[in-house]
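Printed here is coords_28.cif (mmCIF, C-alpha atoms and all ligand atoms):
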data_final
#
loop_
_atom_site.label_atom_id
_atom_site.label_comp_id
_atom_site.auth_asym_id
_atom_site.auth_seq_id
_atom_site.Cartn_x
_atom_site.Cartn_y
_atom_site.Cartn_z
CA MET L 14 17.18 -10.90 -18.83
CA ASP L 15 15.83 -7.60 -17.52
CA SER L 16 18.87 -5.36 -17.09
CA ALA L 17 16.85 -2.80 -15.09
CA LYS L 18 16.30 -5.58 -12.55
CA THR L 19 19.70 -7.25 -12.59
CA SER L 20 21.50 -4.03 -11.83
CA VAL L 21 19.45 -3.54 -8.65
CA LYS L 22 20.81 -4.62 -5.29
CA LEU L 23 18.79 -5.63 -2.26
CA TRP L 24 19.42 -6.08 1.45
CA PHE L 25 19.10 -9.64 2.79
CA ASP L 26 19.72 -10.25 6.51
CA GLY L 27 22.34 -7.53 6.63
CA ASN L 28 24.05 -8.45 3.34
CA VAL L 29 23.82 -6.43 0.14
CA MET L 30 23.51 -8.51 -3.05
CA PRO L 31 22.17 -8.36 -6.60
CA VAL L 32 18.42 -9.16 -6.73
CA ASP L 33 19.05 -12.23 -8.91
CA GLU L 34 21.41 -13.76 -6.35
CA ALA L 35 18.93 -13.50 -3.48
CA THR L 36 17.28 -16.93 -3.45
CA ILE L 37 15.72 -19.19 -0.82
CA PRO L 38 15.07 -22.97 -0.82
CA VAL L 39 11.68 -23.99 -2.24
CA THR L 40 11.21 -26.24 0.79
CA TRP L 41 11.17 -23.31 3.23
CA ILE L 42 7.89 -22.70 4.98
CA SER L 43 7.51 -19.18 3.55
CA PRO L 44 6.61 -20.22 0.00
CA ARG L 45 4.93 -23.44 1.19
CA MET L 46 2.57 -21.81 3.69
CA ALA L 47 2.73 -18.09 2.88
CA SER L 48 4.36 -17.29 6.20
CA ALA L 49 5.54 -13.79 5.45
CA VAL L 50 4.61 -10.16 6.01
CA PHE L 51 5.77 -7.11 4.11
CA ASP L 52 5.37 -3.41 3.62
CA GLY L 53 5.48 -1.20 0.54
CA ILE L 54 7.09 2.22 0.60
CA ARG L 55 7.50 4.81 -2.13
CA ALA L 56 10.38 7.20 -2.69
CA TYR L 57 9.92 10.26 -4.90
CA TRP L 58 12.65 12.05 -6.85
CA ASN L 59 12.63 15.84 -6.54
CA ALA L 60 14.47 16.96 -9.69
CA ASP L 61 14.91 20.58 -8.59
CA ARG L 62 16.64 19.59 -5.37
CA LYS L 63 18.25 16.49 -6.89
CA GLN L 64 16.95 14.62 -3.87
CA LEU L 65 15.14 11.32 -3.37
CA TYR L 66 12.62 11.45 -0.52
CA VAL L 67 11.18 8.35 1.13
CA PHE L 68 7.56 9.00 2.03
CA ARG L 69 6.48 8.27 5.62
CA LEU L 70 9.34 5.83 6.17
CA GLU L 71 8.97 5.70 9.96
CA ASP L 72 5.23 5.03 9.69
CA HIS L 73 5.79 2.21 7.22
CA MET L 74 8.46 0.70 9.46
CA ALA L 75 6.10 0.93 12.45
CA ARG L 76 3.41 -0.92 10.48
CA PHE L 77 5.95 -3.53 9.33
CA SER L 78 6.84 -4.03 12.98
CA GLN L 79 3.16 -4.33 13.95
CA ALA L 80 2.67 -6.96 11.25
CA ARG L 81 5.55 -9.03 12.66
CA HIS L 82 4.13 -8.57 16.15
CA VAL L 83 0.63 -9.72 15.16
CA LEU L 84 2.02 -12.72 13.24
CA LYS L 85 4.50 -13.52 16.04
CA MET L 86 7.60 -13.17 13.90
CA GLU L 87 10.66 -11.95 15.75
CA CYS L 88 13.75 -10.76 13.95
CA ALA L 89 17.23 -9.68 14.93
CA TRP L 90 16.88 -6.03 13.87
CA THR L 91 15.23 -3.03 15.51
CA ASP L 92 12.92 -0.68 13.60
CA GLU L 93 15.70 1.89 13.62
CA GLU L 94 18.17 -0.56 12.09
CA LEU L 95 15.68 -1.56 9.39
CA THR L 96 14.95 2.10 8.67
CA GLU L 97 18.67 2.76 8.26
CA ALA L 98 19.05 -0.37 6.11
CA THR L 99 16.25 0.89 3.84
CA LEU L 100 18.02 4.20 3.36
CA GLU L 101 21.33 2.42 2.84
CA ILE L 102 20.01 0.15 0.08
CA LEU L 103 18.42 3.12 -1.70
CA ARG L 104 21.76 4.98 -1.47
CA ILE L 105 23.67 1.97 -2.79
CA ASN L 106 21.35 1.75 -5.80
CA GLY L 107 21.75 5.48 -6.37
CA PHE L 108 18.27 5.95 -7.84
CA GLN L 109 17.70 9.39 -9.32
CA GLU L 110 14.08 8.59 -10.15
CA ASP L 111 10.93 7.45 -8.37
CA ALA L 112 11.31 4.14 -6.60
CA TYR L 113 9.51 1.63 -4.40
CA VAL L 114 10.98 -0.43 -1.61
CA ALA L 115 9.49 -3.48 0.08
CA PRO L 116 10.77 -4.82 3.41
CA THR L 117 9.65 -8.44 3.87
CA ALA L 118 9.91 -10.82 6.85
CA PHE L 119 9.62 -14.57 6.37
CA PHE L 120 10.50 -17.81 8.11
CA GLY L 121 13.29 -20.10 6.96
CA VAL L 122 11.94 -23.27 8.61
CA ASP L 123 12.66 -26.22 6.30
CA THR L 124 9.51 -28.28 5.68
CA ALA L 125 11.56 -31.02 3.98
CA ALA L 126 13.21 -31.62 7.37
CA GLY L 127 9.80 -31.79 9.09
CA GLY L 128 9.73 -28.17 10.23
CA THR L 129 6.28 -26.82 11.16
CA PRO L 130 5.04 -23.27 11.72
CA THR L 131 5.69 -22.31 15.32
CA LEU L 132 6.42 -19.20 17.29
CA GLY L 133 9.22 -18.39 14.84
CA LYS L 134 11.91 -16.37 16.51
CA ASP L 135 14.28 -15.78 13.65
CA ALA L 136 12.50 -14.22 10.74
CA HIS L 137 14.68 -13.43 7.75
CA ILE L 138 14.40 -9.94 6.33
CA THR L 139 14.82 -8.69 2.79
CA ILE L 140 14.54 -5.05 1.74
CA THR L 141 13.97 -4.95 -2.00
CA PRO L 142 14.00 -1.67 -3.94
CA ARG L 143 12.96 -1.13 -7.50
CA ARG L 144 12.44 1.71 -9.93
CA TRP L 145 8.75 2.64 -10.19
CA PRO L 146 7.75 5.88 -11.91
CA SER L 147 4.85 7.70 -10.29
CA SER L 148 1.62 7.91 -12.24
CA LEU L 149 0.44 11.00 -10.38
CA GLY L 150 -0.50 13.80 -12.74
CA GLY L 151 -2.10 11.43 -15.25
CA ASP L 152 -5.76 11.94 -16.00
CA ILE L 153 -7.27 8.50 -15.68
CA ALA L 154 -10.49 7.45 -13.99
CA ILE L 155 -11.31 3.75 -13.76
CA GLU L 156 -14.35 1.49 -13.82
CA CYS L 157 -14.87 -0.52 -10.64
CA ALA L 158 -17.13 -3.33 -9.50
CA VAL L 159 -18.08 -4.68 -6.10
CA SER L 160 -16.84 -8.24 -5.85
CA SER L 161 -18.81 -11.11 -4.39
CA TRP L 162 -15.60 -12.11 -2.60
CA VAL L 163 -15.87 -10.66 0.91
CA ARG L 164 -12.96 -8.94 2.65
CA ILE L 165 -11.37 -11.27 5.22
CA PRO L 166 -12.78 -10.45 8.65
CA ASP L 167 -10.46 -9.70 11.55
CA HIS L 168 -11.60 -12.85 13.39
CA VAL L 169 -10.34 -14.99 10.48
CA MET L 170 -7.14 -13.26 9.32
CA PRO L 171 -5.63 -9.91 10.29
CA PRO L 172 -6.73 -7.49 7.53
CA ARG L 173 -5.06 -4.46 9.17
CA VAL L 174 -1.52 -5.69 8.50
CA LYS L 175 0.25 -6.68 5.30
CA CYS L 176 0.31 -10.46 5.65
CA ILE L 177 1.04 -11.94 2.23
CA ALA L 178 -1.61 -14.66 2.59
CA ASN L 179 -4.23 -11.87 2.64
CA TYR L 180 -3.43 -11.05 -0.96
CA HIS L 181 -5.26 -14.09 -2.30
CA ASN L 182 -8.41 -12.35 -1.09
CA TYR L 183 -7.62 -9.37 -3.39
CA ARG L 184 -6.53 -11.54 -6.23
CA LEU L 185 -9.85 -13.37 -6.30
CA ALA L 186 -11.76 -10.08 -6.01
CA THR L 187 -9.77 -8.57 -8.88
CA LEU L 188 -10.41 -11.57 -11.13
CA ASP L 189 -14.09 -11.22 -10.25
CA ALA L 190 -14.09 -7.49 -11.17
CA TRP L 191 -12.44 -8.37 -14.50
CA ARG L 192 -15.08 -11.05 -15.07
CA GLN L 193 -17.65 -8.28 -14.61
CA GLY L 194 -16.05 -6.29 -17.43
CA CYS L 195 -13.58 -4.06 -15.59
CA ASP L 196 -9.97 -4.14 -16.74
CA HIS L 197 -7.88 -2.22 -14.25
CA PHE L 198 -5.57 -3.80 -11.67
CA PHE L 199 -7.34 -1.81 -8.90
CA SER L 200 -10.94 -2.28 -10.14
CA ALA L 201 -12.30 -4.49 -7.35
CA ILE L 202 -14.16 -3.04 -4.38
CA MET L 203 -14.75 -5.33 -1.42
CA LEU L 204 -17.48 -5.38 1.20
CA ASN L 205 -16.76 -6.80 4.63
CA SER L 206 -18.55 -9.74 6.25
CA ARG L 207 -21.09 -7.31 7.77
CA GLY L 208 -22.03 -6.14 4.26
CA LYS L 209 -20.43 -2.69 4.66
CA VAL L 210 -17.86 -1.21 2.29
CA ALA L 211 -14.30 -2.16 3.23
CA GLU L 212 -11.81 -1.01 0.59
CA GLY L 213 -10.49 -1.50 -2.91
CA ALA L 214 -8.26 -4.34 -3.96
CA MET L 215 -4.93 -3.18 -2.53
CA ALA L 216 -6.14 0.39 -2.11
CA SER L 217 -8.21 2.46 0.30
CA LEU L 218 -11.50 3.95 -0.83
CA PHE L 219 -12.76 7.51 -0.24
CA LEU L 220 -16.17 9.02 -1.05
CA ILE L 221 -17.10 12.67 -1.39
CA ARG L 222 -20.72 13.50 -0.56
CA ASP L 223 -22.00 17.08 -0.29
CA GLY L 224 -18.46 18.41 0.12
CA ARG L 225 -17.69 15.98 2.95
CA VAL L 226 -14.88 13.42 2.74
CA ILE L 227 -16.08 10.00 3.93
CA VAL L 228 -13.88 6.96 4.58
CA PRO L 229 -14.67 3.51 6.02
CA SER L 230 -13.47 3.27 9.63
CA VAL L 231 -10.43 1.24 10.74
CA SER L 232 -12.74 -1.43 12.15
CA SER L 233 -14.23 -2.09 8.69
CA ASP L 234 -11.74 -4.93 8.05
CA ILE L 235 -9.38 -2.72 6.08
CA LEU L 236 -5.63 -2.43 5.96
CA GLU L 237 -4.50 0.43 8.20
CA SER L 238 -3.36 2.32 5.15
CA ILE L 239 -0.75 5.03 5.41
CA THR L 240 -2.06 6.84 2.33
CA ARG L 241 -5.52 6.81 3.89
CA ALA L 242 -4.09 8.49 7.01
CA THR L 243 -2.20 10.96 4.81
CA VAL L 244 -5.27 11.90 2.78
CA MET L 245 -7.37 12.30 5.94
CA GLU L 246 -4.76 14.65 7.38
CA LEU L 247 -4.34 16.65 4.16
CA CYS L 248 -8.12 17.04 3.81
CA ALA L 249 -8.78 18.03 7.41
CA GLY L 250 -5.63 20.16 7.74
CA ALA L 251 -4.39 21.81 4.56
CA LEU L 252 -7.68 21.68 2.62
CA GLY L 253 -10.01 22.48 5.54
CA LEU L 254 -12.51 19.79 4.53
CA GLU L 255 -14.75 17.88 6.90
CA VAL L 256 -13.54 14.26 7.17
CA VAL L 257 -15.90 11.59 8.46
CA GLU L 258 -14.67 8.11 9.36
CA ARG L 259 -17.61 5.70 9.63
CA GLU L 260 -19.35 2.61 8.24
CA VAL L 261 -20.23 3.01 4.56
CA ASP L 262 -23.12 1.29 2.75
CA ARG L 263 -22.81 -0.12 -0.76
CA THR L 264 -25.58 2.09 -2.17
CA GLU L 265 -23.74 5.19 -0.94
CA LEU L 266 -21.16 4.36 -3.60
CA TYR L 267 -23.89 4.72 -6.24
CA ILE L 268 -24.90 8.22 -5.11
CA ALA L 269 -21.48 9.60 -4.15
CA ASP L 270 -20.45 12.82 -5.91
CA GLU L 271 -16.86 11.62 -6.18
CA LEU L 272 -15.00 8.39 -5.43
CA PHE L 273 -11.31 7.65 -5.46
CA LEU L 274 -8.92 4.88 -4.50
CA CYS L 275 -5.53 5.49 -2.95
CA GLY L 276 -2.49 3.64 -1.70
CA THR L 277 1.28 3.70 -1.77
CA GLY L 278 1.53 1.72 -5.00
CA SER L 279 -1.75 2.82 -6.58
CA GLU L 280 -1.21 6.45 -5.47
CA MET L 281 -4.47 8.26 -6.35
CA ILE L 282 -7.00 6.71 -8.74
CA PRO L 283 -10.31 8.47 -9.40
CA VAL L 284 -13.25 6.12 -10.01
CA ARG L 285 -15.33 6.77 -13.13
CA SER L 286 -18.07 4.21 -12.45
CA ILE L 287 -18.99 1.56 -9.94
CA ASP L 288 -21.22 -1.41 -10.84
CA GLU L 289 -22.06 0.56 -14.01
CA TYR L 290 -23.32 3.59 -12.04
CA THR L 291 -21.48 6.66 -13.31
CA VAL L 292 -19.78 8.62 -10.53
CA GLY L 293 -20.53 12.35 -10.95
CA ASP L 294 -20.06 13.16 -14.63
CA GLY L 295 -17.59 10.30 -15.05
CA ASN L 296 -14.51 12.52 -14.73
CA PRO L 297 -12.37 13.11 -11.63
CA GLY L 298 -14.34 15.56 -9.46
CA PRO L 299 -13.10 18.95 -8.18
CA ILE L 300 -12.33 17.81 -4.62
CA THR L 301 -10.55 14.68 -5.86
CA ARG L 302 -8.45 16.86 -8.18
CA GLN L 303 -7.54 19.15 -5.29
CA ILE L 304 -6.50 16.20 -3.12
CA VAL L 305 -4.46 14.53 -5.89
CA ASP L 306 -2.69 17.79 -6.67
CA LEU L 307 -1.73 18.42 -3.04
CA TYR L 308 -0.71 14.78 -2.49
CA GLU L 309 1.66 14.92 -5.45
CA LYS L 310 3.31 18.10 -4.18
CA VAL L 311 3.67 16.79 -0.65
CA VAL L 312 5.14 13.38 -1.54
CA ARG L 313 7.67 14.92 -3.92
CA GLY L 314 8.49 17.83 -1.66
CA THR L 315 7.57 20.54 -4.17
CA ASP L 316 5.33 21.85 -1.37
CA ASP L 317 7.40 22.46 1.76
CA ARG L 318 4.66 21.51 4.18
CA TYR L 319 4.66 18.15 5.97
CA GLY L 320 8.47 17.90 5.79
CA GLU L 321 8.40 15.38 8.66
CA TRP L 322 6.88 12.87 6.21
CA ARG L 323 9.82 13.02 3.79
CA THR L 324 13.10 11.36 4.68
CA PRO L 325 15.94 12.41 2.38
CA VAL L 326 18.00 9.46 1.16
N1 LIG P 401 -5.42 -1.86 1.34
C1 LIG P 401 -4.65 -2.90 0.97
C2 LIG P 401 -5.15 -4.25 1.17
C3 LIG P 401 -3.37 -2.71 0.44
O1 LIG P 401 -2.62 -3.75 0.08
C4 LIG P 401 -2.89 -1.40 0.30
C5 LIG P 401 -1.53 -1.18 -0.28
N2 LIG P 401 -0.54 -1.26 0.71
C6 LIG P 401 -3.70 -0.34 0.75
C7 LIG P 401 -4.97 -0.60 1.25
C8 LIG P 401 -3.15 1.04 0.80
O2 LIG P 401 -2.26 1.06 1.91
P1 LIG P 401 -1.03 2.05 1.96
O3 LIG P 401 -1.60 3.40 1.79
O4 LIG P 401 -0.45 1.88 3.32
O5 LIG P 401 -0.12 1.67 0.89
#

Translate this file's structure into structure tokens.
Ligand code: PMP
Amino acid sequence: MDSAKTSVKLWFDGNVMPVDEATIPVTWISPRMASAVFDGIRAYWNADRKQLYVFRLEDHMARFSQARHVLKMECAWTDEELTEATLEILRINGFQEDAYVAPTAFFGVDTAAGGTPTLGKDAHITITPRRWPSSLGGDIAIECAVSSWVRIPDHVMPPRVKCIANYHNYRLATLDAWRQGCDHFFSAIMLNSRGKVAEGAMASLFLIRDGRVIVPSVSSDILESITRATVMELCAGALGLEVVEREVDRTELYIADELFLCGTGSEMIPVRSIDEYTVGDGNPGPITRQIVDLYEKVVRGTDDRYGEWRTPV
């Protein structure tokens, strides 16, 4: 058994327990019909200050709340209580290293007793932390491919929130990118049902063209990514770059000077090629490098700016 996992404790409806003891019946509606939403939050260890900082905790909690609102899942806790519970579970685990924490809401309706999905009022909540070292500072650039699987449109499923059922869409796209010869977990790029670029599989996509930072707009059937918002603010603010939010065509990916993916889990991943078109000279470009460097300093708090984004544990 994985001792790194067994020693971790999570928060389950107000109780703290070892991860391995947190179980639910297989007959509950959540595993049967994917009735759950979640969020994913990173915490970065600042070794000089001996301090763990949760990155954009309030913003993640607000998005978690929006996901429950859109999916009509009410729970007994306020955003403030869930924020405090997140900090509490990180404190209890005493991580002195980079970590990730996922609040999840799901229904406990028992399908074996004839329960059906309704306007569930009593969502259960887990807040599950784990150790997850950052890969920022590495020098990788990945091969990507546009998948023939289309990003779920907003009139079919809500792409802008983290509903777990949405993740089958990414899974299929990722398998498709692998079938096309790519091998990275974040290799798939998805178009939306209007044929415009949406995002990566579980990551947002940015292009650099002629010194301008371009990102698909929030109505492109994308997740309203917090890293995307962070990068836009860092580029427009600290780096003084022009940021354009608009529809993006597939062929723009083939002529972009630089391309990178980003997200809480994926962090920053430069793209080396897309559909076998080399991006730039195949290495992370100068603007991408600048953004990655600043992002790493800001999340870890080795740059003092944007302190409002870092909550000390
Ligand atoms: N798109 C999707 C579909 C994702 O799952 C993620 C990861 N949460 C992202 C984009 C990046 O979002 P964020 O920056 O909020 O982690």

Pick out the residues sitting within 12 Å of L:Ala98, and hand them over as a short mmCIF file (atom, residue, chain, number, x, y, z; two decimals) with C-alpha atoms, keeping the file's coordinate frame; count only C-alpha atoms, and ignore anything fewer than 3 positions along from it in its own chain.
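The file below, around_32.cif, is the result:
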data_model
loop_
_atom_site.label_atom_id
_atom_site.label_comp_id
_atom_site.auth_asym_id
_atom_site.auth_seq_id
_atom_site.Cartn_x
_atom_site.Cartn_y
_atom_site.Cartn_z
CA LEU L 23 18.79 -5.63 -2.26
CA TRP L 24 19.42 -6.08 1.45
CA PHE L 25 19.10 -9.64 2.79
CA ASP L 26 19.72 -10.25 6.51
CA GLY L 27 22.34 -7.53 6.63
CA ASN L 28 24.05 -8.45 3.34
CA VAL L 29 23.82 -6.43 0.14
CA LEU L 70 9.34 5.83 6.17
CA MET L 74 8.46 0.70 9.46
CA TRP L 90 16.88 -6.03 13.87
CA THR L 91 15.23 -3.03 15.51
CA ASP L 92 12.92 -0.68 13.60
CA GLU L 93 15.70 1.89 13.62
CA GLU L 94 18.17 -0.56 12.09
CA LEU L 95 15.68 -1.56 9.39
CA GLU L 101 21.33 2.42 2.84
CA ILE L 102 20.01 0.15 0.08
CA LEU L 103 18.42 3.12 -1.70
CA ARG L 104 21.76 4.98 -1.47
CA ILE L 105 23.67 1.97 -2.79
CA VAL L 114 10.98 -0.43 -1.61
CA ALA L 115 9.49 -3.48 0.08
CA PRO L 116 10.77 -4.82 3.41
CA ILE L 138 14.40 -9.94 6.33
CA THR L 139 14.82 -8.69 2.79
CA ILE L 140 14.54 -5.05 1.74
CA THR L 141 13.97 -4.95 -2.00
CA PRO L 142 14.00 -1.67 -3.94
CA VAL L 326 18.00 9.46 1.16
#

Item to check | Residues within 8 Å of (10.2, 18.3, -1.9), counting all atoms listed in the file, listed as a list in words | outcome: Asn59, Arg62, Gln64, Tyr66, Lys310, Val311, Val312, Arg313, Gly314, Thr315, Asp316, Asp317, Gly320 and Arg323 of chain L

Checklist entry - Taking only C-alpha atoms and all ligand atoms into account, which residues are within 7 Å of ligand LIG 401 (chain P), as JSON, numbers by chain? => result {"L": [52, 53, 175, 212, 213, 214, 215, 216, 217, 235, 236, 237, 238, 239, 240, 241, 275, 276, 277, 278]}

Next on the checklist: Residues within 6 Å of (-19.2, 0.0, 5.2), file coordinates, counting all atoms listed in the file: what are they? Give the list as a list of chain:residue names.
Outcome noted: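 Every polymer residue passing the test: L:Lys209, L:Val210, L:Ala211, L:Pro229, L:Glu260, L:Val261, L:Asp262.
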
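Across the structure, atom CA of L:Pro172 and atom CA of L:Ala154 are spaced 26.5 Å apart.
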
Item to check | Residue among L:Ala112, L:Ala118, L:Ala126, L:Leu185 lying closest to L:Thr40, counting only C-alpha atoms | outcome: L:Ala126

Item to check | atom CA of L:Cys248 to atom CA of L:Thr301, straight-line distance in Å | outcome: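 Interatomic distance here is 10.2 Å.
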
Checklist entry - Near stretch 83-85 of chain L, within 12 Å and counting all atoms listed in the file, which residues show up once chain neighbours fewer than 5 positions away are dropped, as a VMD selection string? => result chain L and resid 47 to 51 76 to 78 118 to 120 130 to 136 167 170 to 178

Checklist entry - What is the distance between atom CA of L:Gly128 and atom CA of L:Arg45, in Å to one decimal? => result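 According to the coordinates, atom CA of L:Gly128 and atom CA of L:Arg45 are separated by 11.3 Å.
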